[in-house]
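Notes for the one structure printed next.
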Amino acid sequence: MYGDLKKYLTAELQSIEDAGLYKKERIITSSQSSEIEVGGKTVLNFCANNYLGLSNNARIIEAAKRTMDTHGFGMSSVRFICGTQDIHKRLEAAVSNYFGTEDTILYAACFDANGGVFEPLFSDEDAIISDSLNHASIIDGVRLCKAKRYRYANADMNELENCLLEAQAQRFRIIVTDGVFSMDGNVAPMDKICNLAEKYKALVMVDECHSAGVVGKTGRGVNELFNICGHIDIHTGTFGKAFGGGIGGFTTGRKEIIDLLRQRSRPYLFSNSIPPAIAGASLEVFKMLDESDAFHSSLVENVEYFRTKMLASGFDIKPTQSAICAVMLYDAKLSQEFAARMLDEGIYVTGFYYPVVPHGQARIRVQLSAAHNRTHLDKCINAFNKVRGELRVKN
Ligand SMILES: *Cc1c(COP(=O)(O)O)cnc(C)c1O
C-alpha cells in the first residue's frame, strides 16, 4: 500500500525542492548562545529568539539541575490526574505576577495554549476577529472553534472596526493579535485595539511570544508598553523565547477564563505536564527578572545601537519597537545570497522571502539579544556593509 503514497510524497518533496522551499537544518554542536558552533565553525548567532540571552545562563541551568534533584525528571501524567507539583503552581503565580493578571494555566508549548484557548470559550454564536499576520498556532486554534471568523489586514484599525461592526450580531466577540509580529517586528497598536474593543464590546487576546520580556519599560509586554493593564482579557506566551528558551507555554488573564480552560482545554487535559526542570528553571527566570532589569536593558541598548548604526550605513530597516530588525532587500534570490555570504563572514542570519513574507518583500531578519556585546554587534554591522558592497546592493 505504501508504494502509491511513497510515489506521491517523493513528487511532493521534489516540488518543494524545485520551488527552492525545502528547509534544511544546520546542526549546532554547542549550546545556544550569541556565539555558536555550526559545522565546525564558530559564528555569531543573530537568528535565535534568545532575546534576554538566558538560553545558556548558568543560574538557570543550575536551577534546572537543582529541581531535577528535588522533583525528579518527568511527570508521567497530565495535570489533573497526578501531574501538578508545587512548582507548577508557583510558576503559574509567577507568570500572573509578571504580567499583572489574575491567573495562569501552563501548557506544553504556546502552540498548545493557542490551540486550546478558543474552543472551550466560544461557540457558533460568537465571533473571533483575527489579525491577518497572526501566528500559525492562532490560526489553527481558531479553526478548532465553531465561532464565526473575521480577518483584518495587519494592524489595520479601519478594517478591524468594520469587522467589529459586522460582528455586532454575534453574542461574544474577541479580537486576537500577536503583540509583536515576527516578520516586521512591528508592535500591534494595542491602545487603539483596546479602545475599539471597548466601543464595540469585544474581548481582547494578545499572543506575547515576541513581546514578553522585550517591550515595555521593564519588558513586561504590551500591558506595560501601552499602560493598559486590566484591559486585555487573555495573554498567551512561551517559555521558549525570551524566558530561557526551553519549552512550555501559558495562558494568563481573567480568573474565570483560566478556570474554564483548566476544565475544558484539550491540550491541557490530554497532554503531559511540563517537566520539573523546566518549571524550576522558569521560576528562576522570573525571580531574576524581578530582581533586575539588566537583561532587558542590555537588549534595549543593543537594539538601539544596531538600528542606529545600520540606518546610518544607509540600510533600509523596518521601523520597530521590538528586538526584531528586518533589513529589507526586496529580492528573494538576493536575500538568500546575502544570508549565505553573511555566514561566510561568521554571521548567522536568515533571509526570508515569499511565501513567508509578501512577494517582493524579501529581507534578512536580525534578532538582537542581551547576550550580544558591542564587538558582536560591530562585527555584524561590518559584515552587512561588506556583503552589500560585494553584492552591489543599492539600498
Ligand atoms: C513562537 C511562537 C508561538 C509558539 O510558541 P511555542 O511555545 O514554541 O509553541 C506562538 N505564537 C507566536 C506569536 C510565536 O512567535
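To be explicit about the labels: the chains of the C-alpha cells are called A, B, and onward in the order shown, and within each one the residues are counted from 1, while ligands get numbers from 1 in the order they are shown.
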* To do: Go through the chains and note each residue within 7 Å of ligand 1, using only C-alpha atoms and all ligand atoms, then give the set as an MDAnalysis selection string.
  => chainID A and resid 109:112 134:135 137 178 181:182 207:210 237:240 247:249
Among the residues of range 24-224 of chain A, find those DSSP assigns to strand (DSSP E) from the backbone and print them as a PDB file with all heavy atoms, in the first residue's frame.
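Now in result-v7.pdb:
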```
ATOM      1  N   GLU A  35      27.432  33.242  20.575  1.00  0.00           N
ATOM      2  CA  GLU A  35      28.446  32.569  19.748  1.00  0.00           C
ATOM      3  C   GLU A  35      28.141  31.086  19.748  1.00  0.00           C
ATOM      4  O   GLU A  35      28.052  30.486  20.814  1.00  0.00           O
ATOM      5  CB  GLU A  35      29.847  32.769  20.337  1.00  0.00           C
ATOM      6  CG  GLU A  35      30.497  34.066  19.930  1.00  0.00           C
ATOM      7  CD  GLU A  35      31.883  34.230  20.544  1.00  0.00           C
ATOM      8  OE1 GLU A  35      32.708  33.305  20.432  1.00  0.00           O
ATOM      9  OE2 GLU A  35      32.114  35.289  21.141  1.00  0.00           O
ATOM     10  N   ILE A  36      27.992  30.516  18.564  1.00  0.00           N
ATOM     11  CA  ILE A  36      27.673  29.083  18.495  1.00  0.00           C
ATOM     12  C   ILE A  36      28.604  28.376  17.510  1.00  0.00           C
ATOM     13  O   ILE A  36      29.210  29.022  16.651  1.00  0.00           O
ATOM     14  CB  ILE A  36      26.200  28.838  18.060  1.00  0.00           C
ATOM     15  CG1 ILE A  36      25.895  29.554  16.731  1.00  0.00           C
ATOM     16  CG2 ILE A  36      25.245  29.273  19.142  1.00  0.00           C
ATOM     17  CD1 ILE A  36      24.535  29.216  16.151  1.00  0.00           C
ATOM     18  N   GLU A  37      28.681  27.065  17.648  1.00  0.00           N
ATOM     19  CA  GLU A  37      29.443  26.271  16.690  1.00  0.00           C
ATOM     20  C   GLU A  37      28.487  25.620  15.706  1.00  0.00           C
ATOM     21  O   GLU A  37      27.576  24.892  16.110  1.00  0.00           O
ATOM     22  CB  GLU A  37      30.216  25.178  17.426  1.00  0.00           C
ATOM     23  CG  GLU A  37      31.664  25.533  17.669  1.00  0.00           C
ATOM     24  CD  GLU A  37      32.291  24.519  18.594  1.00  0.00           C
ATOM     25  OE1 GLU A  37      32.224  23.314  18.276  1.00  0.00           O
ATOM     26  OE2 GLU A  37      32.824  24.944  19.635  1.00  0.00           O
ATOM     27  N   VAL A  38      28.708  25.912  14.442  1.00  0.00           N
ATOM     28  CA  VAL A  38      27.880  25.328  13.372  1.00  0.00           C
ATOM     29  C   VAL A  38      28.804  24.766  12.309  1.00  0.00           C
ATOM     30  O   VAL A  38      29.631  25.506  11.764  1.00  0.00           O
ATOM     31  CB  VAL A  38      26.976  26.403  12.718  1.00  0.00           C
ATOM     32  CG1 VAL A  38      26.064  25.781  11.673  1.00  0.00           C
ATOM     33  CG2 VAL A  38      26.146  27.118  13.762  1.00  0.00           C
ATOM     34  N   LYS A  41      32.447  25.461  12.721  1.00  0.00           N
ATOM     35  CA  LYS A  41      32.872  26.851  12.642  1.00  0.00           C
ATOM     36  C   LYS A  41      32.173  27.660  13.740  1.00  0.00           C
ATOM     37  O   LYS A  41      30.992  27.417  14.013  1.00  0.00           O
ATOM     38  CB  LYS A  41      32.434  27.371  11.263  1.00  0.00           C
ATOM     39  CG  LYS A  41      33.170  28.587  10.784  1.00  0.00           C
ATOM     40  CD  LYS A  41      32.722  28.949   9.380  1.00  0.00           C
ATOM     41  CE  LYS A  41      32.702  30.457   9.248  1.00  0.00           C
ATOM     42  NZ  LYS A  41      32.187  30.937   7.993  1.00  0.00           N
ATOM     43  N   THR A  42      32.887  28.593  14.354  1.00  0.00           N
ATOM     44  CA  THR A  42      32.240  29.449  15.343  1.00  0.00           C
ATOM     45  C   THR A  42      31.624  30.656  14.631  1.00  0.00           C
ATOM     46  O   THR A  42      32.309  31.342  13.867  1.00  0.00           O
ATOM     47  CB  THR A  42      33.261  29.925  16.396  1.00  0.00           C
ATOM     48  OG1 THR A  42      33.843  28.772  16.984  1.00  0.00           O
ATOM     49  CG2 THR A  42      32.589  30.760  17.469  1.00  0.00           C
ATOM     50  N   VAL A  43      30.336  30.873  14.847  1.00  0.00           N
ATOM     51  CA  VAL A  43      29.664  32.021  14.220  1.00  0.00           C
ATOM     52  C   VAL A  43      28.878  32.794  15.269  1.00  0.00           C
ATOM     53  O   VAL A  43      28.583  32.274  16.354  1.00  0.00           O
ATOM     54  CB  VAL A  43      28.716  31.576  13.071  1.00  0.00           C
ATOM     55  CG1 VAL A  43      29.469  30.837  11.980  1.00  0.00           C
ATOM     56  CG2 VAL A  43      27.576  30.719  13.592  1.00  0.00           C
ATOM     57  N   LEU A  44      28.549  34.030  14.935  1.00  0.00           N
ATOM     58  CA  LEU A  44      27.707  34.838  15.824  1.00  0.00           C
ATOM     59  C   LEU A  44      26.256  34.614  15.422  1.00  0.00           C
ATOM     60  O   LEU A  44      25.900  34.715  14.251  1.00  0.00           O
ATOM     61  CB  LEU A  44      28.078  36.319  15.706  1.00  0.00           C
ATOM     62  CG  LEU A  44      29.509  36.666  16.110  1.00  0.00           C
ATOM     63  CD1 LEU A  44      29.744  38.169  15.937  1.00  0.00           C
ATOM     64  CD2 LEU A  44      29.770  36.265  17.559  1.00  0.00           C
ATOM     65  N   ASN A  45      25.440  34.336  16.400  1.00  0.00           N
ATOM     66  CA  ASN A  45      24.055  33.978  16.141  1.00  0.00           C
ATOM     67  C   ASN A  45      23.138  35.205  16.239  1.00  0.00           C
ATOM     68  O   ASN A  45      22.979  35.784  17.307  1.00  0.00           O
ATOM     69  CB  ASN A  45      23.619  32.900  17.143  1.00  0.00           C
ATOM     70  CG  ASN A  45      22.304  32.269  16.761  1.00  0.00           C
ATOM     71  OD1 ASN A  45      21.672  32.685  15.800  1.00  0.00           O
ATOM     72  ND2 ASN A  45      21.889  31.275  17.517  1.00  0.00           N
ATOM     73  N   ASP A 103      -4.806  35.035  36.880  1.00  0.00           N
ATOM     74  CA  ASP A 103      -4.450  33.616  36.998  1.00  0.00           C
ATOM     75  C   ASP A 103      -3.792  33.139  35.704  1.00  0.00           C
ATOM     76  O   ASP A 103      -3.917  33.795  34.660  1.00  0.00           O
ATOM     77  CB  ASP A 103      -5.708  32.771  37.295  1.00  0.00           C
ATOM     78  CG  ASP A 103      -5.378  31.402  37.886  1.00  0.00           C
ATOM     79  OD1 ASP A 103      -4.182  31.104  38.126  1.00  0.00           O
ATOM     80  OD2 ASP A 103      -6.318  30.614  38.104  1.00  0.00           O
ATOM     81  N   THR A 104      -3.117  31.986  35.794  1.00  0.00           N
ATOM     82  CA  THR A 104      -2.341  31.453  34.667  1.00  0.00           C
ATOM     83  C   THR A 104      -2.493  29.944  34.595  1.00  0.00           C
ATOM     84  O   THR A 104      -2.600  29.283  35.624  1.00  0.00           O
ATOM     85  CB  THR A 104      -0.838  31.803  34.869  1.00  0.00           C
ATOM     86  OG1 THR A 104      -0.700  33.211  34.928  1.00  0.00           O
ATOM     87  CG2 THR A 104       0.036  31.240  33.746  1.00  0.00           C
ATOM     88  N   ILE A 105      -2.508  29.429  33.371  1.00  0.00           N
ATOM     89  CA  ILE A 105      -2.532  27.978  33.152  1.00  0.00           C
ATOM     90  C   ILE A 105      -1.352  27.621  32.236  1.00  0.00           C
ATOM     91  O   ILE A 105      -1.087  28.323  31.250  1.00  0.00           O
ATOM     92  CB  ILE A 105      -3.886  27.546  32.538  1.00  0.00           C
ATOM     93  CG1 ILE A 105      -3.919  26.058  32.185  1.00  0.00           C
ATOM     94  CG2 ILE A 105      -4.252  28.358  31.307  1.00  0.00           C
ATOM     95  CD1 ILE A 105      -5.308  25.584  31.728  1.00  0.00           C
ATOM     96  N   LEU A 106      -0.623  26.556  32.591  1.00  0.00           N
ATOM     97  CA  LEU A 106       0.560  26.159  31.810  1.00  0.00           C
ATOM     98  C   LEU A 106       0.187  25.160  30.716  1.00  0.00           C
ATOM     99  O   LEU A 106      -0.735  24.364  30.881  1.00  0.00           O
ATOM    100  CB  LEU A 106       1.599  25.489  32.732  1.00  0.00           C
ATOM    101  CG  LEU A 106       2.113  26.290  33.920  1.00  0.00           C
ATOM    102  CD1 LEU A 106       3.106  25.438  34.709  1.00  0.00           C
ATOM    103  CD2 LEU A 106       2.771  27.589  33.468  1.00  0.00           C
ATOM    104  N   TYR A 107       0.934  25.196  29.639  1.00  0.00           N
ATOM    105  CA  TYR A 107       0.791  24.220  28.546  1.00  0.00           C
ATOM    106  C   TYR A 107       2.185  23.720  28.169  1.00  0.00           C
ATOM    107  O   TYR A 107       3.191  24.316  28.555  1.00  0.00           O
ATOM    108  CB  TYR A 107       0.158  24.880  27.319  1.00  0.00           C
ATOM    109  CG  TYR A 107      -1.311  25.200  27.462  1.00  0.00           C
ATOM    110  CD1 TYR A 107      -1.722  26.386  28.054  1.00  0.00           C
ATOM    111  CD2 TYR A 107      -2.284  24.318  27.007  1.00  0.00           C
ATOM    112  CE1 TYR A 107      -3.072  26.687  28.186  1.00  0.00           C
ATOM    113  CE2 TYR A 107      -3.632  24.609  27.129  1.00  0.00           C
ATOM    114  CZ  TYR A 107      -4.027  25.796  27.717  1.00  0.00           C
ATOM    115  OH  TYR A 107      -5.353  26.085  27.845  1.00  0.00           O
ATOM    116  N   ALA A 127     -17.931  35.451  17.766  1.00  0.00           N
ATOM    117  CA  ALA A 127     -17.078  35.906  16.667  1.00  0.00           C
ATOM    118  C   ALA A 127     -15.627  36.024  17.131  1.00  0.00           C
ATOM    119  O   ALA A 127     -15.356  36.526  18.224  1.00  0.00           O
ATOM    120  CB  ALA A 127     -17.552  37.259  16.162  1.00  0.00           C
ATOM    121  N   ILE A 128     -14.700  35.541  16.284  1.00  0.00           N
ATOM    122  CA  ILE A 128     -13.267  35.733  16.533  1.00  0.00           C
ATOM    123  C   ILE A 128     -12.738  36.630  15.418  1.00  0.00           C
ATOM    124  O   ILE A 128     -12.898  36.318  14.230  1.00  0.00           O
ATOM    125  CB  ILE A 128     -12.497  34.401  16.545  1.00  0.00           C
ATOM    126  CG1 ILE A 128     -13.062  33.480  17.630  1.00  0.00           C
ATOM    127  CG2 ILE A 128     -11.012  34.644  16.759  1.00  0.00           C
ATOM    128  CD1 ILE A 128     -12.480  32.070  17.604  1.00  0.00           C
ATOM    129  N   ILE A 129     -12.126  37.726  15.812  1.00  0.00           N
ATOM    130  CA  ILE A 129     -11.637  38.711  14.840  1.00  0.00           C
ATOM    131  C   ILE A 129     -10.116  38.720  14.936  1.00  0.00           C
ATOM    132  O   ILE A 129      -9.551  39.099  15.964  1.00  0.00           O
ATOM    133  CB  ILE A 129     -12.227  40.100  15.146  1.00  0.00           C
ATOM    134  CG1 ILE A 129     -13.758  39.997  15.219  1.00  0.00           C
ATOM    135  CG2 ILE A 129     -11.795  41.118  14.106  1.00  0.00           C
ATOM    136  CD1 ILE A 129     -14.422  41.222  15.809  1.00  0.00           C
ATOM    137  N   SER A 130      -9.463  38.293  13.850  1.00  0.00           N
ATOM    138  CA  SER A 130      -8.050  37.951  13.930  1.00  0.00           C
ATOM    139  C   SER A 130      -7.213  38.770  12.947  1.00  0.00           C
ATOM    140  O   SER A 130      -7.604  38.967  11.802  1.00  0.00           O
ATOM    141  CB  SER A 130      -7.936  36.443  13.619  1.00  0.00           C
ATOM    142  OG  SER A 130      -6.626  35.985  13.752  1.00  0.00           O
ATOM    143  N   ASP A 131      -6.059  39.231  13.384  1.00  0.00           N
ATOM    144  CA  ASP A 131      -5.116  39.941  12.509  1.00  0.00           C
ATOM    145  C   ASP A 131      -4.592  38.964  11.444  1.00  0.00           C
ATOM    146  O   ASP A 131      -4.311  37.808  11.743  1.00  0.00           O
ATOM    147  CB  ASP A 131      -3.949  40.493  13.333  1.00  0.00           C
ATOM    148  CG  ASP A 131      -3.036  41.411  12.533  1.00  0.00           C
ATOM    149  OD1 ASP A 131      -2.298  40.908  11.640  1.00  0.00           O
ATOM    150  OD2 ASP A 131      -3.047  42.625  12.787  1.00  0.00           O
ATOM    151  N   LYS A 148     -17.784  32.339  14.377  1.00  0.00           N
ATOM    152  CA  LYS A 148     -17.671  32.983  13.065  1.00  0.00           C
ATOM    153  C   LYS A 148     -16.323  33.720  13.009  1.00  0.00           C
ATOM    154  O   LYS A 148     -15.902  34.336  13.984  1.00  0.00           O
ATOM    155  CB  LYS A 148     -18.832  33.954  12.869  1.00  0.00           C
ATOM    156  CG  LYS A 148     -18.942  34.490  11.477  1.00  0.00           C
ATOM    157  CD  LYS A 148     -20.351  35.055  11.260  1.00  0.00           C
ATOM    158  CE  LYS A 148     -20.556  35.846  10.034  1.00  0.00           C
ATOM    159  NZ  LYS A 148     -19.996  35.869   8.850  1.00  0.00           N
ATOM    160  N   ARG A 149     -15.651  33.606  11.848  1.00  0.00           N
ATOM    161  CA  ARG A 149     -14.297  34.167  11.743  1.00  0.00           C
ATOM    162  C   ARG A 149     -14.266  35.437  10.926  1.00  0.00           C
ATOM    163  O   ARG A 149     -14.866  35.512   9.860  1.00  0.00           O
ATOM    164  CB  ARG A 149     -13.368  33.152  11.086  1.00  0.00           C
ATOM    165  CG  ARG A 149     -13.269  31.875  11.847  1.00  0.00           C
ATOM    166  CD  ARG A 149     -12.674  30.789  10.979  1.00  0.00           C
ATOM    167  NE  ARG A 149     -13.004  29.483  11.551  1.00  0.00           N
ATOM    168  CZ  ARG A 149     -12.763  28.337  10.953  1.00  0.00           C
ATOM    169  NH1 ARG A 149     -12.202  28.320   9.753  1.00  0.00           N
ATOM    170  NH2 ARG A 149     -13.085  27.204  11.540  1.00  0.00           N
ATOM    171  N   TYR A 150     -13.546  36.406  11.441  1.00  0.00           N
ATOM    172  CA  TYR A 150     -13.292  37.655  10.713  1.00  0.00           C
ATOM    173  C   TYR A 150     -11.788  37.872  10.695  1.00  0.00           C
ATOM    174  O   TYR A 150     -11.093  37.510  11.643  1.00  0.00           O
ATOM    175  CB  TYR A 150     -13.938  38.832  11.441  1.00  0.00           C
ATOM    176  CG  TYR A 150     -15.440  38.779  11.513  1.00  0.00           C
ATOM    177  CD1 TYR A 150     -16.075  38.097  12.545  1.00  0.00           C
ATOM    178  CD2 TYR A 150     -16.221  39.429  10.562  1.00  0.00           C
ATOM    179  CE1 TYR A 150     -17.454  38.056  12.626  1.00  0.00           C
ATOM    180  CE2 TYR A 150     -17.607  39.396  10.632  1.00  0.00           C
ATOM    181  CZ  TYR A 150     -18.216  38.704  11.670  1.00  0.00           C
ATOM    182  OH  TYR A 150     -19.575  38.671  11.751  1.00  0.00           O
ATOM    183  N   ARG A 151     -11.314  38.502   9.613  1.00  0.00           N
ATOM    184  CA  ARG A 151      -9.880  38.728   9.494  1.00  0.00           C
ATOM    185  C   ARG A 151      -9.653  40.164   9.035  1.00  0.00           C
ATOM    186  O   ARG A 151     -10.347  40.640   8.135  1.00  0.00           O
ATOM    187  CB  ARG A 151      -9.325  37.765   8.450  1.00  0.00           C
ATOM    188  CG  ARG A 151      -7.894  37.371   8.670  1.00  0.00           C
ATOM    189  CD  ARG A 151      -7.559  36.232   7.740  1.00  0.00           C
ATOM    190  NE  ARG A 151      -7.260  36.789   6.429  1.00  0.00           N
ATOM    191  CZ  ARG A 151      -6.143  36.515   5.764  1.00  0.00           C
ATOM    192  NH1 ARG A 151      -5.254  35.694   6.259  1.00  0.00           N
ATOM    193  NH2 ARG A 151      -5.928  37.053   4.590  1.00  0.00           N
ATOM    194  N   TYR A 152      -8.724  40.861   9.654  1.00  0.00           N
ATOM    195  CA  TYR A 152      -8.382  42.221   9.200  1.00  0.00           C
ATOM    196  C   TYR A 152      -6.911  42.287   8.816  1.00  0.00           C
ATOM    197  O   TYR A 152      -6.087  41.548   9.346  1.00  0.00           O
ATOM    198  CB  TYR A 152      -8.738  43.264  10.266  1.00  0.00           C
ATOM    199  CG  TYR A 152      -8.037  43.116  11.598  1.00  0.00           C
ATOM    200  CD1 TYR A 152      -6.877  43.844  11.883  1.00  0.00           C
ATOM    201  CD2 TYR A 152      -8.528  42.260  12.590  1.00  0.00           C
ATOM    202  CE1 TYR A 152      -6.237  43.719  13.111  1.00  0.00           C
ATOM    203  CE2 TYR A 152      -7.893  42.135  13.816  1.00  0.00           C
ATOM    204  CZ  TYR A 152      -6.750  42.866  14.069  1.00  0.00           C
ATOM    205  OH  TYR A 152      -6.118  42.728  15.278  1.00  0.00           O
ATOM    206  N   ARG A 173     -17.640  38.711  21.192  1.00  0.00           N
ATOM    207  CA  ARG A 173     -16.638  38.986  20.163  1.00  0.00           C
ATOM    208  C   ARG A 173     -15.273  39.021  20.836  1.00  0.00           C
ATOM    209  O   ARG A 173     -15.152  39.577  21.924  1.00  0.00           O
ATOM    210  CB  ARG A 173     -16.877  40.367  19.531  1.00  0.00           C
ATOM    211  CG  ARG A 173     -18.039  40.466  18.599  1.00  0.00           C
ATOM    212  CD  ARG A 173     -18.556  41.896  18.495  1.00  0.00           C
ATOM    213  NE  ARG A 173     -19.149  42.318  19.763  1.00  0.00           N
ATOM    214  CZ  ARG A 173     -20.340  41.924  20.201  1.00  0.00           C
ATOM    215  NH1 ARG A 173     -21.090  41.136  19.471  1.00  0.00           N
ATOM    216  NH2 ARG A 173     -20.800  42.320  21.384  1.00  0.00           N
ATOM    217  N   ILE A 174     -14.272  38.472  20.181  1.00  0.00           N
ATOM    218  CA  ILE A 174     -12.903  38.608  20.706  1.00  0.00           C
ATOM    219  C   ILE A 174     -11.966  39.025  19.573  1.00  0.00           C
ATOM    220  O   ILE A 174     -12.021  38.472  18.478  1.00  0.00           O
ATOM    221  CB  ILE A 174     -12.410  37.328  21.428  1.00  0.00           C
ATOM    222  CG1 ILE A 174     -11.022  37.580  22.050  1.00  0.00           C
ATOM    223  CG2 ILE A 174     -12.393  36.108  20.498  1.00  0.00           C
ATOM    224  CD1 ILE A 174     -10.606  36.549  23.088  1.00  0.00           C
ATOM    225  N   ILE A 175     -11.142  40.036  19.869  1.00  0.00           N
ATOM    226  CA  ILE A 175     -10.102  40.474  18.924  1.00  0.00           C
ATOM    227  C   ILE A 175      -8.819  39.758  19.338  1.00  0.00           C
ATOM    228  O   ILE A 175      -8.461  39.764  20.514  1.00  0.00           O
ATOM    229  CB  ILE A 175      -9.878  41.996  19.006  1.00  0.00           C
ATOM    230  CG1 ILE A 175     -11.190  42.755  18.786  1.00  0.00           C
ATOM    231  CG2 ILE A 175      -8.801  42.449  18.016  1.00  0.00           C
ATOM    232  CD1 ILE A 175     -11.110  44.229  19.178  1.00  0.00           C
ATOM    233  N   VAL A 176      -8.151  39.144  18.359  1.00  0.00           N
ATOM    234  CA  VAL A 176      -6.935  38.371  18.658  1.00  0.00           C
ATOM    235  C   VAL A 176      -5.775  38.906  17.836  1.00  0.00           C
ATOM    236  O   VAL A 176      -5.895  39.056  16.608  1.00  0.00           O
ATOM    237  CB  VAL A 176      -7.125  36.879  18.299  1.00  0.00           C
ATOM    238  CG1 VAL A 176      -5.929  36.079  18.753  1.00  0.00           C
ATOM    239  CG2 VAL A 176      -8.396  36.347  18.913  1.00  0.00           C
ATOM    240  N   THR A 177      -4.653  39.156  18.500  1.00  0.00           N
ATOM    241  CA  THR A 177      -3.485  39.666  17.766  1.00  0.00           C
ATOM    242  C   THR A 177      -2.177  39.204  18.397  1.00  0.00           C
ATOM    243  O   THR A 177      -2.124  38.961  19.608  1.00  0.00           O
ATOM    244  CB  THR A 177      -3.510  41.216  17.721  1.00  0.00           C
ATOM    245  OG1 THR A 177      -2.364  41.683  16.990  1.00  0.00           O
ATOM    246  CG2 THR A 177      -3.478  41.837  19.107  1.00  0.00           C
ATOM    247  N   ASP A 178      -1.162  39.070  17.584  1.00  0.00           N
ATOM    248  CA  ASP A 178       0.198  38.938  18.112  1.00  0.00           C
ATOM    249  C   ASP A 178       0.576  40.287  18.727  1.00  0.00           C
ATOM    250  O   ASP A 178       0.164  41.337  18.210  1.00  0.00           O
ATOM    251  CB  ASP A 178       1.201  38.646  16.974  1.00  0.00           C
ATOM    252  CG  ASP A 178       1.180  37.192  16.496  1.00  0.00           C
ATOM    253  OD1 ASP A 178       0.281  36.427  16.918  1.00  0.00           O
ATOM    254  OD2 ASP A 178       2.056  36.825  15.700  1.00  0.00           O
ATOM    255  N   LEU A 203     -13.869  41.362  23.572  1.00  0.00           N
ATOM    256  CA  LEU A 203     -12.753  40.963  24.424  1.00  0.00           C
ATOM    257  C   LEU A 203     -11.467  41.128  23.618  1.00  0.00           C
ATOM    258  O   LEU A 203     -11.518  41.241  22.390  1.00  0.00           O
ATOM    259  CB  LEU A 203     -12.913  39.496  24.838  1.00  0.00           C
ATOM    260  CG  LEU A 203     -14.149  39.200  25.700  1.00  0.00           C
ATOM    261  CD1 LEU A 203     -14.652  37.802  25.426  1.00  0.00           C
ATOM    262  CD2 LEU A 203     -13.842  39.400  27.164  1.00  0.00           C
ATOM    263  N   VAL A 204     -10.328  41.113  24.315  1.00  0.00           N
ATOM    264  CA  VAL A 204      -9.039  41.250  23.621  1.00  0.00           C
ATOM    265  C   VAL A 204      -8.093  40.148  24.082  1.00  0.00           C
ATOM    266  O   VAL A 204      -7.946  39.890  25.270  1.00  0.00           O
ATOM    267  CB  VAL A 204      -8.386  42.629  23.910  1.00  0.00           C
ATOM    268  CG1 VAL A 204      -7.042  42.742  23.192  1.00  0.00           C
ATOM    269  CG2 VAL A 204      -9.301  43.765  23.500  1.00  0.00           C
ATOM    270  N   MET A 205      -7.484  39.493  23.094  1.00  0.00           N
ATOM    271  CA  MET A 205      -6.442  38.500  23.391  1.00  0.00           C
ATOM    272  C   MET A 205      -5.167  38.873  22.638  1.00  0.00           C
ATOM    273  O   MET A 205      -5.222  39.246  21.466  1.00  0.00           O
ATOM    274  CB  MET A 205      -6.899  37.103  22.949  1.00  0.00           C
ATOM    275  CG  MET A 205      -5.761  36.091  22.936  1.00  0.00           C
ATOM    276  SD  MET A 205      -6.317  34.425  22.543  1.00  0.00           S
ATOM    277  CE  MET A 205      -4.824  33.795  21.760  1.00  0.00           C
ATOM    278  N   VAL A 206      -4.034  38.761  23.318  1.00  0.00           N
ATOM    279  CA  VAL A 206      -2.755  39.056  22.671  1.00  0.00           C
ATOM    280  C   VAL A 206      -1.771  37.914  22.913  1.00  0.00           C
ATOM    281  O   VAL A 206      -1.691  37.380  24.019  1.00  0.00           O
ATOM    282  CB  VAL A 206      -2.205  40.432  23.132  1.00  0.00           C
ATOM    283  CG1 VAL A 206      -2.043  40.496  24.636  1.00  0.00           C
ATOM    284  CG2 VAL A 206      -0.873  40.752  22.477  1.00  0.00           C
ATOM    285  N   ASP A 207      -1.093  37.512  21.850  1.00  0.00           N
ATOM    286  CA  ASP A 207      -0.052  36.497  21.928  1.00  0.00           C
ATOM    287  C   ASP A 207       1.268  37.229  22.137  1.00  0.00           C
ATOM    288  O   ASP A 207       1.726  37.972  21.265  1.00  0.00           O
ATOM    289  CB  ASP A 207      -0.040  35.696  20.617  1.00  0.00           C
ATOM    290  CG  ASP A 207       1.073  34.656  20.559  1.00  0.00           C
ATOM    291  OD1 ASP A 207       2.097  34.831  21.237  1.00  0.00           O
ATOM    292  OD2 ASP A 207       0.925  33.685  19.796  1.00  0.00           O
TER     293      ASP A 207
END
```
* To do: Determine, counting only C-alpha atoms, which protein, DNA and RNA residues have an atom within 7 Å of an atom of Ala362 in chain A; residues of the same chain fewer than 3 positions away are not included. Present the result as a PyMOL selection string.
  => chain A and resi 328-332+335+352-353+357
* In Å, rounded to a single decimal, give me how far CA of Asn50 in chain A is from CA of Val78 in chain A. => 28.4 Å
* **Shortest interatomic distance to Asp344 in chain A - which of A:Ala197, A:Ile28, A:Asp156, A:Phe384, counting only C-alpha atoms** => A:Phe384
